[in-house]
Amino acid sequence: MILKHFVQGALANNNYLLIDETSKEAVLIDCTDYNPEIKMELDVYKAKLKYILLTHGHFDHILGVENTKKNIGGEIVAPLADKELINHVDTFLYAYGVENVKVPHIDRYITGEDSLSFGDIQIKVLDLPGHTEGGLGYVIEDKLFSGDTIFKESVGRTDLPGGSFEKLKDSIETKVFTLPEDYTIYPGHGPFSTVKHEKENNRFM
Ligand SMILES: [Zn+2]
């Protein structure tokens, strides 16, 4: 499996492209903007984008979905419990003076009960409420794509609508810290980490 990392947008979001070379299927995790480099990577491997997987409903993770789908395809998949958040992304941004935001159309809403795959690679979906009510993590092989639940030596903010520090702490303790310690954590912003490093160094836990 090939993993490519793109830093996109004003808040320096991490978007991740994973390509299964065997089946030529790919997934994109979070979608800040449409980035033509993603299409170039898919073309290099002659791969097709199967899913655009969103970790949560905050604008900086989701607003590229329609343009990306228009250019390179992919089913847009988002957390069910963040449906309201996504449907009000325009009013949320309007409060910050950003006008004319189009609410993205989501093809499919999922929870931790759902299971997905691309090629022969399983995608385990984790419910990680706390940063938002619907936050999801995606475990693929020995990698956790954590969204804004956990960062290297830090955690996501919980003061925005739908946030709860108690839930965040519980999500990390019961879903993240129970993964094998050598798993890599790929967060929504900033540097990568491992489960072991966070167990030992995360100052919020
Ligand atoms: Zn967020």
# chains A, B, ... in the order shown; residues from 1 in each chain; ligands from 1
>>> residues_around(residues="Thr149 in chain A", least_positions_apart="3", cutoff="7 Å", atoms="only C-alpha atoms", output="JSON, numbers by chain")
{"A": [128, 131, 146, 155, 156, 168]}
>>> residues_near_ligand(ligand="ligand 1", cutoff="8 Å", atoms="only C-alpha atoms and all ligand atoms", output="count of residues only")
13
>>> residues_around(residues="Pro79 in chain A", least_positions_apart="6", cutoff="9 Å", atoms="only C-alpha atoms", output="PyMOL selection string")
chain A and resi 53-57+108-112+127+134-136
>>> atom_distance(atom1="CA of Glu200 in chain A", atom2="CA of Val139 in chain A")
20.8 Å
>>> residues_around(residues="Glu141 in chain A", least_positions_apart="4", cutoff="10 Å", atoms="only C-alpha atoms", output="PDB file with all heavy atoms, in the first residue's frame")
ATOM      1  N   MET A   1       0.849  -1.200   0.000  1.00  0.00           N
ATOM      2  CA  MET A   1       0.000   0.000   0.000  1.00  0.00           C
ATOM      3  C   MET A   1       0.884   1.249   0.000  1.00  0.00           C
ATOM      4  O   MET A   1       1.860   1.333   0.721  1.00  0.00           O
ATOM      5  CB  MET A   1      -0.881  -0.017   1.257  1.00  0.00           C
ATOM      6  CG  MET A   1      -1.901   1.107   1.292  1.00  0.00           C
ATOM      7  SD  MET A   1      -3.001   0.986   2.717  1.00  0.00           S
ATOM      8  CE  MET A   1      -1.920   1.481   4.040  1.00  0.00           C
ATOM      9  N   ILE A 121      -7.895  -4.668   1.395  1.00  0.00           N
ATOM     10  CA  ILE A 121      -7.488  -3.974   2.615  1.00  0.00           C
ATOM     11  C   ILE A 121      -8.727  -3.537   3.401  1.00  0.00           C
ATOM     12  O   ILE A 121      -9.607  -2.850   2.856  1.00  0.00           O
ATOM     13  CB  ILE A 121      -6.602  -2.755   2.271  1.00  0.00           C
ATOM     14  CG1 ILE A 121      -5.341  -3.225   1.532  1.00  0.00           C
ATOM     15  CG2 ILE A 121      -6.249  -1.972   3.532  1.00  0.00           C
ATOM     16  CD1 ILE A 121      -4.505  -2.103   0.954  1.00  0.00           C
ATOM     17  N   GLN A 122      -8.788  -3.960   4.654  1.00  0.00           N
ATOM     18  CA  GLN A 122      -9.921  -3.612   5.507  1.00  0.00           C
ATOM     19  C   GLN A 122      -9.730  -2.216   6.099  1.00  0.00           C
ATOM     20  O   GLN A 122      -8.617  -1.824   6.439  1.00  0.00           O
ATOM     21  CB  GLN A 122     -10.054  -4.623   6.657  1.00  0.00           C
ATOM     22  CG  GLN A 122     -10.347  -6.044   6.209  1.00  0.00           C
ATOM     23  CD  GLN A 122     -11.640  -6.135   5.408  1.00  0.00           C
ATOM     24  OE1 GLN A 122     -12.672  -5.609   5.821  1.00  0.00           O
ATOM     25  NE2 GLN A 122     -11.572  -6.784   4.243  1.00  0.00           N
ATOM     26  N   ILE A 123     -10.844  -1.514   6.249  1.00  0.00           N
ATOM     27  CA  ILE A 123     -10.844  -0.221   6.942  1.00  0.00           C
ATOM     28  C   ILE A 123     -11.716  -0.393   8.181  1.00  0.00           C
ATOM     29  O   ILE A 123     -12.922  -0.583   8.073  1.00  0.00           O
ATOM     30  CB  ILE A 123     -11.441   0.897   6.055  1.00  0.00           C
ATOM     31  CG1 ILE A 123     -10.678   1.010   4.729  1.00  0.00           C
ATOM     32  CG2 ILE A 123     -11.445   2.230   6.813  1.00  0.00           C
ATOM     33  CD1 ILE A 123     -11.358   1.909   3.705  1.00  0.00           C
ATOM     34  N   LYS A 124     -11.067  -0.360   9.343  1.00  0.00           N
ATOM     35  CA  LYS A 124     -11.841  -0.481  10.574  1.00  0.00           C
ATOM     36  C   LYS A 124     -12.235   0.935  11.003  1.00  0.00           C
ATOM     37  O   LYS A 124     -11.384   1.823  11.087  1.00  0.00           O
ATOM     38  CB  LYS A 124     -10.983  -1.155  11.647  1.00  0.00           C
ATOM     39  CG  LYS A 124     -11.726  -1.504  12.908  1.00  0.00           C
ATOM     40  CD  LYS A 124     -10.868  -2.468  13.727  1.00  0.00           C
ATOM     41  CE  LYS A 124     -11.178  -2.538  15.206  1.00  0.00           C
ATOM     42  NZ  LYS A 124     -12.499  -2.344  15.660  1.00  0.00           N
ATOM     43  N   TYR A 183       1.518   0.970  16.382  1.00  0.00           N
ATOM     44  CA  TYR A 183       0.706   1.594  15.328  1.00  0.00           C
ATOM     45  C   TYR A 183       1.068   3.073  15.205  1.00  0.00           C
ATOM     46  O   TYR A 183       1.253   3.771  16.207  1.00  0.00           O
ATOM     47  CB  TYR A 183      -0.791   1.467  15.644  1.00  0.00           C
ATOM     48  CG  TYR A 183      -1.415   0.159  15.184  1.00  0.00           C
ATOM     49  CD1 TYR A 183      -0.688  -1.012  15.144  1.00  0.00           C
ATOM     50  CD2 TYR A 183      -2.746   0.116  14.796  1.00  0.00           C
ATOM     51  CE1 TYR A 183      -1.264  -2.204  14.729  1.00  0.00           C
ATOM     52  CE2 TYR A 183      -3.344  -1.075  14.380  1.00  0.00           C
ATOM     53  CZ  TYR A 183      -2.599  -2.230  14.350  1.00  0.00           C
ATOM     54  OH  TYR A 183      -3.174  -3.401  13.942  1.00  0.00           O
ATOM     55  N   THR A 184       1.125   3.540  13.970  1.00  0.00           N
ATOM     56  CA  THR A 184       1.391   4.961  13.720  1.00  0.00           C
ATOM     57  C   THR A 184       0.078   5.736  13.762  1.00  0.00           C
ATOM     58  O   THR A 184      -0.945   5.255  13.268  1.00  0.00           O
ATOM     59  CB  THR A 184       2.067   5.144  12.351  1.00  0.00           C
ATOM     60  OG1 THR A 184       3.230   4.320  12.317  1.00  0.00           O
ATOM     61  CG2 THR A 184       2.483   6.588  12.127  1.00  0.00           C
TER      62      THR A 184
END
>>> select_by_dssp(residues="range 14-124 of chain A", states="strand (DSSP E or B)", output="number ranges by chain")
A: 14-20, 25-29, 48-53, 75-79, 108-110, 115-118, 121-124
>>> closest_atom_pairs(of="range 70-124 of chain A", to="range 6-20 of chain A", cutoff="9 Å", atoms="only C-alpha atoms", output="JSON lines")
{"residue": "A:Phe118", "atom": "CA", "partner": "A:Asp20", "partner_atom": "CA", "distance": 7.4}
{"residue": "A:Gly119", "atom": "CA", "partner": "A:Asp20", "partner_atom": "CA", "distance": 6.5}
{"residue": "A:Asp120", "atom": "CA", "partner": "A:Asp20", "partner_atom": "CA", "distance": 8.4}
{"residue": "A:Ile121", "atom": "CA", "partner": "A:Asp20", "partner_atom": "CA", "distance": 7.7}
>>> atom_distance(atom1="CA of Lys50 in chain A", atom2="CA of Asp82 in chain A")
21.5 Å
>>> atom_distance(atom1="CA of Ser164 in chain A", atom2="CA of Val98 in chain A")
25.9 Å
>>> select_by_dssp(residues="range 23-156 of chain A", states="alpha helix (DSSP H)", output="PyMOL selection string")
chain A and resi 36-44+59-62+65-72+83-87+89-94
>>> write_last_selection(atoms="C-alpha atoms", output="PDB file, in the first residue's frame")
ATOM      1  CA  PRO A  36      -4.540  18.232  -8.685  1.00  0.00           C
ATOM      2  CA  GLU A  37      -1.475  16.446  -7.254  1.00  0.00           C
ATOM      3  CA  ILE A  38      -3.843  13.789  -5.916  1.00  0.00           C
ATOM      4  CA  LYS A  39      -5.072  13.120  -9.438  1.00  0.00           C
ATOM      5  CA  MET A  40      -1.471  12.943 -10.637  1.00  0.00           C
ATOM      6  CA  GLU A  41      -0.629  10.341  -7.976  1.00  0.00           C
ATOM      7  CA  LEU A  42      -3.667   8.265  -8.918  1.00  0.00           C
ATOM      8  CA  ASP A  43      -2.655   8.450 -12.567  1.00  0.00           C
ATOM      9  CA  VAL A  44       0.901   7.309 -11.762  1.00  0.00           C
ATOM     10  CA  PHE A  59     -15.046  22.860   7.503  1.00  0.00           C
ATOM     11  CA  ASP A  60     -11.274  22.546   7.178  1.00  0.00           C
ATOM     12  CA  HIS A  61     -11.575  18.780   6.671  1.00  0.00           C
ATOM     13  CA  ILE A  62     -14.538  18.619   4.297  1.00  0.00           C
ATOM     14  CA  VAL A  65     -15.150  16.996  -1.346  1.00  0.00           C
ATOM     15  CA  GLU A  66     -17.405  18.105  -4.184  1.00  0.00           C
ATOM     16  CA  ASN A  67     -14.640  19.529  -6.319  1.00  0.00           C
ATOM     17  CA  THR A  68     -12.511  16.454  -5.698  1.00  0.00           C
ATOM     18  CA  LYS A  69     -15.356  14.101  -6.567  1.00  0.00           C
ATOM     19  CA  LYS A  70     -16.098  16.088  -9.730  1.00  0.00           C
ATOM     20  CA  ASN A  71     -12.459  15.772 -10.841  1.00  0.00           C
ATOM     21  CA  ILE A  72     -11.465  12.303  -9.681  1.00  0.00           C
ATOM     22  CA  LYS A  83     -24.582  15.325   9.827  1.00  0.00           C
ATOM     23  CA  GLU A  84     -26.001  18.492  11.429  1.00  0.00           C
ATOM     24  CA  LEU A  85     -22.544  20.009  11.731  1.00  0.00           C
ATOM     25  CA  ILE A  86     -21.915  19.395   8.030  1.00  0.00           C
ATOM     26  CA  ASN A  87     -25.318  20.715   7.007  1.00  0.00           C
ATOM     27  CA  VAL A  89     -21.045  24.468   7.785  1.00  0.00           C
ATOM     28  CA  ASP A  90     -22.218  27.538   5.832  1.00  0.00           C
ATOM     29  CA  THR A  91     -23.772  29.264   8.869  1.00  0.00           C
ATOM     30  CA  PHE A  92     -20.767  28.301  11.029  1.00  0.00           C
ATOM     31  CA  LEU A  93     -18.387  30.010   8.590  1.00  0.00           C
ATOM     32  CA  TYR A  94     -20.750  32.960   8.054  1.00  0.00           C
TER      33      TYR A  94
END
>>> closest_residue(among="A:Gly97, A:Pro187, A:Gly137, A:Gly73", to="Ser171 in chain A", atoms="only C-alpha atoms")
A:Gly137
>>> closest_residue(among="A:Thr178, A:His88, A:Ser117, A:Leu126", to="Lys102 in chain A", atoms="only C-alpha atoms")
A:His88
>>> decode(residues="range 24-107 of chain A", atoms="C-alpha atoms", output="PDB file, in the first residue's frame")
ATOM      1  CA  LYS A  24      -5.648  -0.173  -8.059  1.00  0.00           C
ATOM      2  CA  GLU A  25      -8.231   1.147  -5.610  1.00  0.00           C
ATOM      3  CA  ALA A  26      -7.533   4.185  -3.453  1.00  0.00           C
ATOM      4  CA  VAL A  27      -9.045   6.160  -0.590  1.00  0.00           C
ATOM      5  CA  LEU A  28      -8.566   9.764   0.439  1.00  0.00           C
ATOM      6  CA  ILE A  29      -8.838  10.651   4.124  1.00  0.00           C
ATOM      7  CA  ASP A  30     -10.125  14.182   4.706  1.00  0.00           C
ATOM      8  CA  CYS A  31     -10.476  16.640   1.898  1.00  0.00           C
ATOM      9  CA  THR A  32      -9.595  20.248   2.558  1.00  0.00           C
ATOM     10  CA  ASP A  33      -9.354  21.387  -1.063  1.00  0.00           C
ATOM     11  CA  TYR A  34      -9.204  19.758  -4.450  1.00  0.00           C
ATOM     12  CA  ASN A  35      -5.524  19.174  -5.094  1.00  0.00           C
ATOM     13  CA  PRO A  36      -4.540  18.232  -8.685  1.00  0.00           C
ATOM     14  CA  GLU A  37      -1.475  16.446  -7.254  1.00  0.00           C
ATOM     15  CA  ILE A  38      -3.843  13.789  -5.916  1.00  0.00           C
ATOM     16  CA  LYS A  39      -5.072  13.120  -9.438  1.00  0.00           C
ATOM     17  CA  MET A  40      -1.471  12.943 -10.637  1.00  0.00           C
ATOM     18  CA  GLU A  41      -0.629  10.341  -7.976  1.00  0.00           C
ATOM     19  CA  LEU A  42      -3.667   8.265  -8.918  1.00  0.00           C
ATOM     20  CA  ASP A  43      -2.655   8.450 -12.567  1.00  0.00           C
ATOM     21  CA  VAL A  44       0.901   7.309 -11.762  1.00  0.00           C
ATOM     22  CA  TYR A  45      -0.473   4.107 -10.203  1.00  0.00           C
ATOM     23  CA  LYS A  46      -3.424   3.864 -12.635  1.00  0.00           C
ATOM     24  CA  ALA A  47      -5.635   3.826  -9.557  1.00  0.00           C
ATOM     25  CA  LYS A  48      -9.245   4.799  -9.024  1.00  0.00           C
ATOM     26  CA  LEU A  49     -10.501   6.691  -5.973  1.00  0.00           C
ATOM     27  CA  LYS A  50     -13.101   4.539  -4.208  1.00  0.00           C
ATOM     28  CA  TYR A  51     -13.875   6.624  -1.127  1.00  0.00           C
ATOM     29  CA  ILE A  52     -13.358  10.086   0.271  1.00  0.00           C
ATOM     30  CA  LEU A  53     -13.468   9.349   4.009  1.00  0.00           C
ATOM     31  CA  LEU A  54     -14.105  12.260   6.360  1.00  0.00           C
ATOM     32  CA  THR A  55     -12.940  12.081   9.980  1.00  0.00           C
ATOM     33  CA  HIS A  56     -15.388  14.723  11.187  1.00  0.00           C
ATOM     34  CA  GLY A  57     -17.579  17.590  10.082  1.00  0.00           C
ATOM     35  CA  HIS A  58     -15.352  20.631  10.567  1.00  0.00           C
ATOM     36  CA  PHE A  59     -15.046  22.860   7.503  1.00  0.00           C
ATOM     37  CA  ASP A  60     -11.274  22.546   7.178  1.00  0.00           C
ATOM     38  CA  HIS A  61     -11.575  18.780   6.671  1.00  0.00           C
ATOM     39  CA  ILE A  62     -14.538  18.619   4.297  1.00  0.00           C
ATOM     40  CA  LEU A  63     -14.925  21.553   1.919  1.00  0.00           C
ATOM     41  CA  GLY A  64     -12.908  20.033  -0.931  1.00  0.00           C
ATOM     42  CA  VAL A  65     -15.150  16.996  -1.346  1.00  0.00           C
ATOM     43  CA  GLU A  66     -17.405  18.105  -4.184  1.00  0.00           C
ATOM     44  CA  ASN A  67     -14.640  19.529  -6.319  1.00  0.00           C
ATOM     45  CA  THR A  68     -12.511  16.454  -5.698  1.00  0.00           C
ATOM     46  CA  LYS A  69     -15.356  14.101  -6.567  1.00  0.00           C
ATOM     47  CA  LYS A  70     -16.098  16.088  -9.730  1.00  0.00           C
ATOM     48  CA  ASN A  71     -12.459  15.772 -10.841  1.00  0.00           C
ATOM     49  CA  ILE A  72     -11.465  12.303  -9.681  1.00  0.00           C
ATOM     50  CA  GLY A  73     -14.571  10.540  -8.378  1.00  0.00           C
ATOM     51  CA  GLY A  74     -14.989   8.695  -5.097  1.00  0.00           C
ATOM     52  CA  GLU A  75     -17.957   8.108  -2.807  1.00  0.00           C
ATOM     53  CA  ILE A  76     -18.104  10.787  -0.111  1.00  0.00           C
ATOM     54  CA  VAL A  77     -18.378   9.130   3.317  1.00  0.00           C
ATOM     55  CA  ALA A  78     -18.937  11.076   6.553  1.00  0.00           C
ATOM     56  CA  PRO A  79     -19.788  10.419  10.213  1.00  0.00           C
ATOM     57  CA  LEU A  80     -23.520  10.140  10.838  1.00  0.00           C
ATOM     58  CA  ALA A  81     -23.434  12.029  14.131  1.00  0.00           C
ATOM     59  CA  ASP A  82     -21.787  15.031  12.408  1.00  0.00           C
ATOM     60  CA  LYS A  83     -24.582  15.325   9.827  1.00  0.00           C
ATOM     61  CA  GLU A  84     -26.001  18.492  11.429  1.00  0.00           C
ATOM     62  CA  LEU A  85     -22.544  20.009  11.731  1.00  0.00           C
ATOM     63  CA  ILE A  86     -21.915  19.395   8.030  1.00  0.00           C
ATOM     64  CA  ASN A  87     -25.318  20.715   7.007  1.00  0.00           C
ATOM     65  CA  HIS A  88     -24.623  23.947   8.911  1.00  0.00           C
ATOM     66  CA  VAL A  89     -21.045  24.468   7.785  1.00  0.00           C
ATOM     67  CA  ASP A  90     -22.218  27.538   5.832  1.00  0.00           C
ATOM     68  CA  THR A  91     -23.772  29.264   8.869  1.00  0.00           C
ATOM     69  CA  PHE A  92     -20.767  28.301  11.029  1.00  0.00           C
ATOM     70  CA  LEU A  93     -18.387  30.010   8.590  1.00  0.00           C
ATOM     71  CA  TYR A  94     -20.750  32.960   8.054  1.00  0.00           C
ATOM     72  CA  ALA A  95     -20.245  33.755  11.743  1.00  0.00           C
ATOM     73  CA  TYR A  96     -16.549  34.166  10.909  1.00  0.00           C
ATOM     74  CA  GLY A  97     -17.297  36.417   7.933  1.00  0.00           C
ATOM     75  CA  VAL A  98     -16.957  33.760   5.233  1.00  0.00           C
ATOM     76  CA  GLU A  99     -19.832  34.027   2.787  1.00  0.00           C
ATOM     77  CA  ASN A 100     -21.238  31.855  -0.005  1.00  0.00           C
ATOM     78  CA  VAL A 101     -20.036  28.521   1.352  1.00  0.00           C
ATOM     79  CA  LYS A 102     -21.812  25.637  -0.346  1.00  0.00           C
ATOM     80  CA  VAL A 103     -22.846  22.795   1.954  1.00  0.00           C
ATOM     81  CA  PRO A 104     -21.251  19.657   0.501  1.00  0.00           C
ATOM     82  CA  HIS A 105     -23.393  16.729  -0.532  1.00  0.00           C
ATOM     83  CA  ILE A 106     -22.480  13.557   1.393  1.00  0.00           C
ATOM     84  CA  ASP A 107     -23.126  10.234  -0.373  1.00  0.00           C
TER      85      ASP A 107
END
